[in-house]
$ cat query-v3.txt   # compact mmCIF, C-alpha atoms
# COMPACT_ATOMS: atom_id res chain seq x y z
CA MET A 4 10.40 24.73 12.14
CA ALA A 5 8.45 22.08 10.17
CA THR A 6 9.82 21.14 6.78
CA ALA A 7 7.50 22.20 3.97
CA ALA A 8 6.08 19.68 1.56
CA ARG A 9 8.24 19.34 -1.52
CA PRO A 10 6.49 19.73 -4.88
CA PRO A 11 7.42 17.02 -7.38
CA ALA A 12 10.17 17.86 -9.85
CA THR A 13 9.27 17.72 -13.55
CA ALA A 14 11.19 14.48 -14.10
CA SER A 15 9.50 12.75 -11.18
CA ARG A 16 5.91 13.94 -11.41
CA ILE A 17 4.34 10.55 -12.20
CA ALA A 18 3.11 8.47 -9.27
CA VAL A 19 1.90 4.89 -9.80
CA VAL A 20 -0.49 3.55 -7.16
CA THR A 21 -1.44 -0.14 -7.09
CA GLY A 22 -4.66 -1.42 -5.56
CA ALA A 23 -6.16 2.00 -6.29
CA SER A 24 -9.78 0.94 -6.81
CA SER A 25 -10.80 1.46 -3.17
CA GLY A 26 -9.64 2.13 0.38
CA ILE A 27 -6.07 3.23 1.01
CA GLY A 28 -5.08 3.06 -2.65
CA ALA A 29 -7.90 5.29 -3.86
CA ALA A 30 -7.31 7.77 -1.03
CA THR A 31 -3.58 7.84 -1.77
CA ALA A 32 -4.20 8.53 -5.45
CA ARG A 33 -6.40 11.49 -4.53
CA GLN A 34 -3.89 12.93 -2.07
CA LEU A 35 -0.88 12.54 -4.37
CA ALA A 36 -2.86 14.25 -7.13
CA ASP A 37 -3.56 17.09 -4.69
CA ALA A 38 0.20 17.26 -4.04
CA GLY A 39 0.86 17.85 -7.74
CA TYR A 40 1.59 14.37 -9.06
CA ARG A 41 0.23 12.90 -12.27
CA VAL A 42 -1.30 9.76 -10.81
CA VAL A 43 -1.60 6.40 -12.56
CA LEU A 44 -4.20 4.26 -10.80
CA THR A 45 -3.88 0.51 -11.26
CA ALA A 46 -6.16 -2.29 -10.10
CA ARG A 47 -8.08 -5.23 -11.53
CA ARG A 48 -11.44 -3.43 -11.40
CA LYS A 49 -11.32 -1.17 -14.43
CA ASP A 50 -14.64 0.57 -13.79
CA ARG A 51 -13.63 1.60 -10.28
CA ILE A 52 -10.26 3.11 -11.18
CA GLU A 53 -11.73 4.86 -14.21
CA ALA A 54 -14.35 6.49 -11.99
CA ILE A 55 -11.75 7.63 -9.45
CA ALA A 56 -9.47 8.94 -12.21
CA ALA A 57 -12.39 10.89 -13.67
CA GLU A 58 -13.14 12.34 -10.23
CA ILE A 59 -9.51 13.47 -9.81
CA ASN A 60 -9.42 15.03 -13.28
CA ALA A 61 -12.72 16.84 -12.68
CA ALA A 62 -11.23 18.32 -9.50
CA GLY A 63 -8.31 19.76 -11.43
CA GLY A 64 -5.80 16.96 -10.91
CA ALA A 65 -4.18 14.66 -13.44
CA ALA A 66 -4.98 10.95 -13.36
CA THR A 67 -5.01 7.92 -15.64
CA ALA A 68 -6.51 4.49 -15.02
CA TYR A 69 -4.77 1.29 -16.10
CA GLN A 70 -6.30 -2.13 -15.47
CA LEU A 71 -3.60 -4.37 -14.01
CA ASP A 72 -3.21 -7.56 -12.00
CA VAL A 73 0.05 -7.14 -10.07
CA THR A 74 0.55 -10.92 -9.94
CA ASP A 75 0.68 -11.14 -13.76
CA ARG A 76 4.34 -10.50 -14.51
CA ALA A 77 3.92 -10.28 -18.28
CA ALA A 78 1.20 -7.65 -17.85
CA VAL A 79 3.34 -5.72 -15.36
CA ASP A 80 6.31 -5.70 -17.73
CA GLU A 81 4.09 -4.45 -20.55
CA PHE A 82 2.72 -1.72 -18.27
CA ALA A 83 6.25 -0.57 -17.42
CA THR A 84 7.09 0.06 -21.08
CA ALA A 85 4.72 3.05 -21.04
CA PHE A 86 7.14 5.07 -18.92
CA ARG A 87 10.57 6.59 -19.41
CA THR A 88 10.72 7.85 -15.84
CA ILE A 89 8.42 7.87 -12.82
CA GLY A 90 8.82 9.56 -9.47
CA VAL A 91 6.80 7.44 -7.06
CA LEU A 92 5.63 3.84 -6.86
CA VAL A 93 3.12 3.08 -4.11
CA ASN A 94 2.89 -0.69 -3.65
CA ASN A 95 -0.49 -0.85 -1.96
CA ALA A 96 -2.17 -3.88 -3.57
CA GLY A 97 -2.62 -6.62 -1.00
CA GLY A 98 -5.20 -7.87 1.44
CA ALA A 99 -6.09 -10.69 3.81
CA LEU A 100 -8.06 -13.90 3.34
CA GLY A 101 -9.44 -15.84 6.30
CA ALA A 102 -8.55 -15.89 9.97
CA ASP A 103 -8.04 -19.58 10.62
CA PRO A 104 -5.34 -21.04 12.86
CA VAL A 105 -2.27 -22.62 11.31
CA ALA A 106 -3.67 -26.10 11.92
CA THR A 107 -6.67 -25.55 9.65
CA GLY A 108 -5.69 -22.62 7.44
CA ASP A 109 -6.45 -22.87 3.72
CA PRO A 110 -3.18 -23.19 1.75
CA GLU A 111 -4.82 -21.49 -1.22
CA HIS A 112 -5.54 -18.45 0.94
CA TRP A 113 -1.92 -18.40 2.08
CA ARG A 114 -0.70 -18.70 -1.51
CA ALA A 115 -3.01 -15.93 -2.77
CA MET A 116 -1.96 -13.56 0.01
CA TYR A 117 1.73 -14.18 -0.66
CA GLU A 118 1.25 -13.72 -4.40
CA THR A 119 -0.48 -10.35 -4.00
CA ASN A 120 1.32 -8.87 -0.99
CA VAL A 121 4.84 -10.04 -1.82
CA ILE A 122 5.18 -11.22 -5.43
CA GLY A 123 2.95 -8.41 -6.68
CA THR A 124 5.13 -5.88 -4.88
CA LEU A 125 8.24 -7.57 -6.27
CA ASN A 126 6.85 -7.50 -9.82
CA LEU A 127 6.06 -3.78 -9.82
CA THR A 128 9.25 -2.83 -8.01
CA GLN A 129 11.50 -4.78 -10.37
CA ALA A 130 9.71 -3.50 -13.48
CA LEU A 131 9.69 0.16 -12.43
CA LEU A 132 12.94 0.50 -10.46
CA PRO A 133 14.94 1.55 -13.56
CA LYS A 134 12.30 4.22 -14.29
CA LEU A 135 12.47 5.47 -10.71
CA GLU A 136 16.25 5.66 -10.85
CA ALA A 137 16.13 7.45 -14.22
CA SER A 138 14.06 10.24 -12.66
CA GLY A 139 17.00 11.14 -10.43
CA ASP A 140 14.67 11.36 -7.44
CA GLY A 141 12.51 8.25 -7.07
CA THR A 142 10.52 6.86 -4.17
CA VAL A 143 9.28 3.33 -3.58
CA VAL A 144 6.53 3.09 -0.97
CA ILE A 145 5.57 -0.31 0.40
CA VAL A 146 2.33 -0.38 2.35
CA SER A 147 2.85 -3.26 4.74
CA SER A 148 1.02 -3.59 8.06
CA THR A 149 1.63 -3.90 11.77
CA ALA A 150 1.05 -7.57 10.91
CA GLY A 151 4.48 -7.41 9.29
CA HIS A 152 6.06 -6.63 12.65
CA ALA A 153 4.18 -8.78 15.18
CA THR A 154 2.09 -11.92 15.16
CA TYR A 155 -1.44 -12.65 16.34
CA GLU A 156 -3.56 -15.76 16.58
CA GLY A 157 -5.61 -16.57 13.52
CA GLY A 158 -3.54 -14.36 11.28
CA ALA A 159 -0.51 -16.45 10.37
CA GLY A 160 -1.05 -16.43 6.61
CA TYR A 161 -1.51 -12.67 6.41
CA VAL A 162 1.21 -12.07 8.98
CA ALA A 163 3.65 -14.21 6.97
CA ALA A 164 2.84 -12.28 3.79
CA LYS A 165 3.23 -8.89 5.43
CA HIS A 166 6.49 -9.97 7.08
CA GLY A 167 7.61 -10.78 3.54
CA ALA A 168 6.67 -7.29 2.36
CA HIS A 169 8.55 -5.76 5.30
CA VAL A 170 11.69 -7.77 4.56
CA LEU A 171 11.47 -6.85 0.88
CA ALA A 172 11.45 -3.15 1.80
CA GLU A 173 14.26 -3.47 4.32
CA THR A 174 16.49 -5.47 1.99
CA LEU A 175 15.85 -3.27 -1.05
CA ARG A 176 16.89 -0.22 0.95
CA LEU A 177 20.22 -1.88 1.74
CA GLU A 178 20.79 -3.00 -1.83
CA ILE A 179 20.17 0.33 -3.57
CA VAL A 180 21.77 2.71 -1.08
CA GLY A 181 23.70 5.34 -3.02
CA LYS A 182 21.16 5.40 -5.84
CA PRO A 183 18.64 8.26 -6.13
CA VAL A 184 15.71 6.15 -4.90
CA ARG A 185 14.19 6.12 -1.41
CA VAL A 186 12.42 3.11 0.08
CA ILE A 187 9.63 3.96 2.51
CA GLU A 188 7.57 1.44 4.46
CA ILE A 189 4.21 2.49 5.89
CA ALA A 190 2.78 -0.03 8.36
CA PRO A 191 -0.82 0.72 9.38
CA GLY A 192 -2.63 -0.98 12.23
CA MET A 193 -6.43 -1.11 12.46
CA VAL A 194 -7.88 0.67 9.44
CA LYS A 195 -11.61 0.60 8.79
CA THR A 196 -12.36 0.58 5.08
CA ASP A 197 -15.37 -0.60 3.11
CA GLU A 198 -13.73 -3.80 1.88
CA PHE A 199 -10.76 -5.08 3.89
CA ALA A 200 -12.60 -7.07 6.58
CA LEU A 201 -15.44 -8.04 4.23
CA THR A 202 -12.94 -9.55 1.81
CA ARG A 203 -11.10 -11.31 4.62
CA PHE A 204 -14.31 -12.97 5.82
CA ALA A 205 -15.71 -13.75 2.36
CA GLY A 206 -18.49 -11.17 2.59
CA ASP A 207 -19.67 -12.12 6.09
CA THR A 208 -20.84 -8.73 7.38
CA GLU A 209 -21.26 -9.95 10.96
CA LYS A 210 -17.67 -11.20 11.23
CA ALA A 211 -16.38 -8.06 9.51
CA ALA A 212 -18.25 -5.81 11.94
CA LYS A 213 -16.74 -7.61 14.95
CA VAL A 214 -13.26 -6.50 13.91
CA TYR A 215 -14.13 -2.90 14.70
CA ALA A 216 -16.80 -3.44 17.39
CA GLY A 217 -16.52 -0.89 20.18
CA VAL A 218 -13.48 0.87 18.69
CA ALA A 219 -14.40 4.54 18.76
CA GLU A 220 -12.12 5.72 15.98
CA PRO A 221 -10.20 3.21 13.91
CA LEU A 222 -7.88 4.67 11.29
CA THR A 223 -9.45 5.65 7.98
CA ALA A 224 -8.07 5.24 4.47
CA ASP A 225 -7.53 9.00 4.40
CA ASP A 226 -5.44 8.83 7.58
CA VAL A 227 -3.07 6.35 5.95
CA ALA A 228 -3.04 8.20 2.63
CA ASP A 229 -2.18 11.44 4.44
CA THR A 230 0.80 9.69 6.02
CA ILE A 231 1.95 8.30 2.66
CA ALA A 232 1.66 11.71 0.99
CA TRP A 233 3.57 13.34 3.85
CA ALA A 234 6.41 10.81 3.63
CA VAL A 235 6.64 11.10 -0.16
CA THR A 236 6.78 14.90 -0.11
CA ARG A 237 9.70 15.17 2.34
CA PRO A 238 12.91 16.64 0.88
CA ALA A 239 14.81 14.20 -1.30
CA HIS A 240 17.52 13.57 1.31
CA VAL A 241 14.94 12.53 3.94
CA ASN A 242 14.00 8.84 3.96
CA VAL A 243 11.17 7.72 6.23
CA ASP A 244 12.43 4.15 6.59
CA LEU A 245 9.48 2.83 8.58
CA LEU A 246 6.38 4.57 9.90
CA VAL A 247 3.94 2.59 12.06
CA LEU A 248 0.54 4.16 12.64
CA ARG A 249 -2.34 2.91 14.73
CA PRO A 250 -5.52 4.40 16.15
CA ARG A 251 -5.16 5.64 19.71
CA ALA A 252 -7.39 2.78 20.86
CA GLN A 253 -4.94 0.15 19.58
CA ALA A 254 -1.78 -0.42 21.62
CA SER A 255 -0.71 -3.55 19.71
CA ASN A 256 -2.10 -6.12 17.32
CA THR A 257 -3.74 -7.87 20.25
CA LYS A 258 -4.43 -5.00 22.68
CA VAL A 259 -7.40 -2.87 21.61
CA HIS A 260 -9.63 -0.71 23.79
CA ARG A 261 -13.28 -1.39 23.01
CA GLU A 262 -16.22 0.49 24.48
CA LEU A 263 -18.77 -2.32 24.55

$ encode --input "query-v3.txt" --output "C-alpha cells"
Amino acid sequence: MATAARPPATASRIAVVTGASSGIGAATARQLADAGYRVVLTARRKDRIEAIAAEINAAGGAATAYQLDVTDRAAVDEFATAFRTIGVLVNNAGGALGADPVATGDPEHWRAMYETNVIGTLNLTQALLPKLEASGDGTVVIVSSTAGHATYEGGAGYVAAKHGAHVLAETLRLEIVGKPVRVIEIAPGMVKTDEFALTRFAGDTEKAAKVYAGVAEPLTADDVADTIAWAVTRPAHVNVDLLVLRPRAQASNTKVHREL
C-alpha cells in the first residue's frame, strides 16, 4: 500500500524556496502551496516572485515574496530573523555558466557557479537550520544535479559546483543525525526550462536549443517539483537521502537518445 502524503504540521507549515522566480523553483513553490504549505518565494528578481506569489494566493494558497540574493550573507541572516520556526527549506538557487573545457574555462564563471550553488546553499542552510530544528520536524532539500555525481566534457565548472552541493548534503546528514531535521538531495538530469540553457550560453538561442535537440521528452520543471513535493510529504521518519531522476531518453550525462 502506498504511503499517503503527509500534511504539514502547524509548527512546520512554512516552506522557503530559493531561486523561485522561474523553472524548478517556481514550480516547487506552486506544488508545496498545493500541499498545504505557506510558501516563501525568494530570488533576486522581485517582480517575478511577486507575480508567482500573487498567482498562488489567487488560487487559494498562501505565499509571500522576498527579494534575496543567496550569496549575500548579511541579507540572508536578516531574512532569517523573520522566522521563529520553518518546516522546509528548498535550496534550489543555482545554475550553470559556460561549457568550456578546463583549459580555457572562465575563472569568473567557475567562481560565480560555486558562490551560488554551494555558498548560497550554505548561507541559507546555516541561517535557517535552527528554525528548522525548532519546528520539531524540519526538512532541508538540496537540489543538486546528476552533474554532482558524474563528470562530462565541457562541464567541469558546473560539475565541480554540483559535486560541492552533493557533498554538503551528504555531510550535513551525517552531522545532524538524531536531530528532527531530514536532509534530502534531489538530483535531476536533463530538464528543459525557459532559462537554464539560455543562461548557460549567455542568451545564445541556437546553442541552448542544441542541448535538447531530438530529445522527445526532457524532464520539465513540474516533473522535478512533483518529486520534491513527494519527498517532502513523506512521513517524518522517512528520509529520501538521494533521488536521481532523468528523462527516459537519458541513460547518463553523456548518453542521450536523440531522434534527429

$ residues_near_point --input "query-v3.txt" --point "(-4.0, -3.1, -13.1)" --cutoff "9 Å" --atoms "all atoms listed in the file" --output "PyMOL selection string"
chain A and resi 21-23+44-49+68-73+78-79+82

$ write_last_selection --input "query-v3.txt" --atoms "C-alpha atoms" --output "compact mmCIF listing (two decimals), in the frame of the given file"
# COMPACT_ATOMS: atom_id res chain seq x y z
CA THR A 21 -1.44 -0.14 -7.09
CA GLY A 22 -4.66 -1.42 -5.56
CA ALA A 23 -6.16 2.00 -6.29
CA LEU A 44 -4.20 4.26 -10.80
CA THR A 45 -3.88 0.51 -11.26
CA ALA A 46 -6.16 -2.29 -10.10
CA ARG A 47 -8.08 -5.23 -11.53
CA ARG A 48 -11.44 -3.43 -11.40
CA LYS A 49 -11.32 -1.17 -14.43
CA ALA A 68 -6.51 4.49 -15.02
CA TYR A 69 -4.77 1.29 -16.10
CA GLN A 70 -6.30 -2.13 -15.47
CA LEU A 71 -3.60 -4.37 -14.01
CA ASP A 72 -3.21 -7.56 -12.00
CA VAL A 73 0.05 -7.14 -10.07
CA ALA A 78 1.20 -7.65 -17.85
CA VAL A 79 3.34 -5.72 -15.36
CA PHE A 82 2.72 -1.72 -18.27

$ residues_around --input "query-v3.txt" --residues "segment 250-255 of chain A" --least-positions-apart "5" --cutoff "8 Å" --atoms "all atoms listed in the file" --output "list in words"
Gly192, Met193, Val218, Ala219, Glu220, Pro221, Leu222, His260 and Arg261 of chain A

$ atom_distance --input "query-v3.txt" --atom1 "atom CA of Leu35 of chain A" --atom2 "atom CA of Ala99 of chain A"
25.2 Å

$ residues_around --input "query-v3.txt" --residues "Leu248 of chain A" --least-positions-apart "4" --cutoff "8 Å" --atoms "all atoms listed in the file" --output "ChimeraX atom specification"
/A:189-192,227

$ closest_residue --input "query-v3.txt" --among "A:Ala150, A:Ile27, A:Val184, A:Val170" --to "Ser138 of chain A" --atoms "only C-alpha atoms"
A:Val184

$ atom_distance --input "query-v3.txt" --atom1 "atom CA of Gly157 of chain A" --atom2 "atom CA of Ala102 of chain A"
4.7 Å

$ residues_around --input "query-v3.txt" --residues "Gly167 of chain A" --least-positions-apart "2" --cutoff "12 Å" --atoms "all atoms listed in the file" --output "ChimeraX atom specification"
/A:97,116-125,145-148,150-152,160-165,169-174

$ residues_around --input "query-v3.txt" --residues "Val144 of chain A" --least-positions-apart "5" --cutoff "8 Å" --atoms "all atoms listed in the file" --output "CSV table (one decimal) with C-alpha atoms, keeping the file's coordinate frame"
chain,number,residue,atom,x,y,z
A,91,VAL,CA,6.8,7.4,-7.1
A,92,LEU,CA,5.6,3.8,-6.9
A,93,VAL,CA,3.1,3.1,-4.1
A,94,ASN,CA,2.9,-0.7,-3.6
A,186,VAL,CA,12.4,3.1,0.1
A,187,ILE,CA,9.6,4.0,2.5
A,188,GLU,CA,7.6,1.4,4.5
A,189,ILE,CA,4.2,2.5,5.9
A,231,ILE,CA,2.0,8.3,2.7

$ atom_distance --input "query-v3.txt" --atom1 "atom CA of Tyr155 of chain A" --atom2 "atom CA of Asn256 of chain A"
6.6 Å

$ axis_aligned_box --input "query-v3.txt" --around "segment 52-58 of chain A" --padding-each-side "5 Å" --output "lines of an AutoDock Vina configuration file"
center_x = -11.9
center_y = 7.7
center_z = -11.8
size_x = 14.9
size_y = 19.2
size_z = 14.8

$ residues_around --input "query-v3.txt" --residues "Ala137 of chain A" --least-positions-apart "2" --cutoff "8 Å" --atoms "all atoms listed in the file" --output "PyMOL selection string"
chain A and resi 87-89+133-135+139-140

$ closest_residue --input "query-v3.txt" --among "A:Asp229, A:Asp197, A:Glu262, A:Asp103" --to "Glu156 of chain A" --atoms "only C-alpha atoms"
A:Asp103

$ closest_residue --input "query-v3.txt" --among "A:Ala32, A:Ala96, A:Val235, A:Ala56" --to "Gly141 of chain A" --atoms "all atoms listed in the file"
A:Val235

$ closest_residue --input "query-v3.txt" --among "A:Ala200, A:Leu127, A:Ala224, A:Ala205" --to "Ser25 of chain A" --atoms "only C-alpha atoms"
A:Ala224

$ build_atoms --input "query-v3.txt" --residues "segment 58-75 of chain A" --atoms "N, CA and C atoms" --output "PDB file, keeping the file's coordinate frame"
ATOM      1  N   GLU A  58     -12.888  11.451 -11.375  1.00  0.00           N
ATOM      2  CA  GLU A  58     -13.140  12.340 -10.230  1.00  0.00           C
ATOM      3  C   GLU A  58     -11.938  13.261  -9.993  1.00  0.00           C
ATOM      4  N   ILE A  59     -10.729  12.681 -10.026  1.00  0.00           N
ATOM      5  CA  ILE A  59      -9.510  13.470  -9.810  1.00  0.00           C
ATOM      6  C   ILE A  59      -9.341  14.508 -10.912  1.00  0.00           C
ATOM      7  N   ASN A  60      -9.564  14.101 -12.152  1.00  0.00           N
ATOM      8  CA  ASN A  60      -9.420  15.030 -13.280  1.00  0.00           C
ATOM      9  C   ASN A  60     -10.440  16.154 -13.200  1.00  0.00           C
ATOM     10  N   ALA A  61     -11.670  15.825 -12.788  1.00  0.00           N
ATOM     11  CA  ALA A  61     -12.720  16.840 -12.680  1.00  0.00           C
ATOM     12  C   ALA A  61     -12.392  17.862 -11.597  1.00  0.00           C
ATOM     13  N   ALA A  62     -11.614  17.426 -10.595  1.00  0.00           N
ATOM     14  CA  ALA A  62     -11.230  18.320  -9.500  1.00  0.00           C
ATOM     15  C   ALA A  62      -9.989  19.146  -9.819  1.00  0.00           C
ATOM     16  N   GLY A  63      -9.461  18.975 -11.027  1.00  0.00           N
ATOM     17  CA  GLY A  63      -8.310  19.760 -11.430  1.00  0.00           C
ATOM     18  C   GLY A  63      -6.984  19.034 -11.357  1.00  0.00           C
ATOM     19  N   GLY A  64      -7.020  17.757 -10.954  1.00  0.00           N
ATOM     20  CA  GLY A  64      -5.800  16.960 -10.910  1.00  0.00           C
ATOM     21  C   GLY A  64      -5.527  16.277 -12.236  1.00  0.00           C
ATOM     22  N   ALA A  65      -4.531  15.405 -12.230  1.00  0.00           N
ATOM     23  CA  ALA A  65      -4.180  14.660 -13.440  1.00  0.00           C
ATOM     24  C   ALA A  65      -4.082  13.181 -13.088  1.00  0.00           C
ATOM     25  N   ALA A  66      -4.946  12.368 -13.700  1.00  0.00           N
ATOM     26  CA  ALA A  66      -4.980  10.950 -13.360  1.00  0.00           C
ATOM     27  C   ALA A  66      -5.321  10.105 -14.576  1.00  0.00           C
ATOM     28  N   THR A  67      -4.744   8.900 -14.593  1.00  0.00           N
ATOM     29  CA  THR A  67      -5.010   7.920 -15.640  1.00  0.00           C
ATOM     30  C   THR A  67      -5.277   6.583 -14.986  1.00  0.00           C
ATOM     31  N   ALA A  68      -6.212   5.824 -15.526  1.00  0.00           N
ATOM     32  CA  ALA A  68      -6.510   4.490 -15.020  1.00  0.00           C
ATOM     33  C   ALA A  68      -5.914   3.431 -15.938  1.00  0.00           C
ATOM     34  N   TYR A  69      -5.352   2.384 -15.327  1.00  0.00           N
ATOM     35  CA  TYR A  69      -4.770   1.290 -16.100  1.00  0.00           C
ATOM     36  C   TYR A  69      -5.109  -0.017 -15.403  1.00  0.00           C
ATOM     37  N   GLN A  70      -5.907  -0.841 -16.062  1.00  0.00           N
ATOM     38  CA  GLN A  70      -6.300  -2.130 -15.470  1.00  0.00           C
ATOM     39  C   GLN A  70      -5.074  -3.038 -15.397  1.00  0.00           C
ATOM     40  N   LEU A  71      -4.808  -3.576 -14.200  1.00  0.00           N
ATOM     41  CA  LEU A  71      -3.600  -4.370 -14.010  1.00  0.00           C
ATOM     42  C   LEU A  71      -3.753  -5.328 -12.844  1.00  0.00           C
ATOM     43  N   ASP A  72      -3.330  -6.565 -13.066  1.00  0.00           N
ATOM     44  CA  ASP A  72      -3.210  -7.560 -12.000  1.00  0.00           C
ATOM     45  C   ASP A  72      -1.733  -7.638 -11.641  1.00  0.00           C
ATOM     46  N   VAL A  73      -1.371  -7.218 -10.441  1.00  0.00           N
ATOM     47  CA  VAL A  73       0.050  -7.140 -10.070  1.00  0.00           C
ATOM     48  C   VAL A  73       0.724  -8.501 -10.029  1.00  0.00           C
ATOM     49  N   THR A  74      -0.052  -9.582  -9.971  1.00  0.00           N
ATOM     50  CA  THR A  74       0.550 -10.920  -9.940  1.00  0.00           C
ATOM     51  C   THR A  74       0.850 -11.460 -11.335  1.00  0.00           C
ATOM     52  N   ASP A  75       0.450 -10.741 -12.370  1.00  0.00           N
ATOM     53  CA  ASP A  75       0.680 -11.140 -13.760  1.00  0.00           C
ATOM     54  C   ASP A  75       1.943 -10.445 -14.252  1.00  0.00           C
TER      55      ASP A  75
END
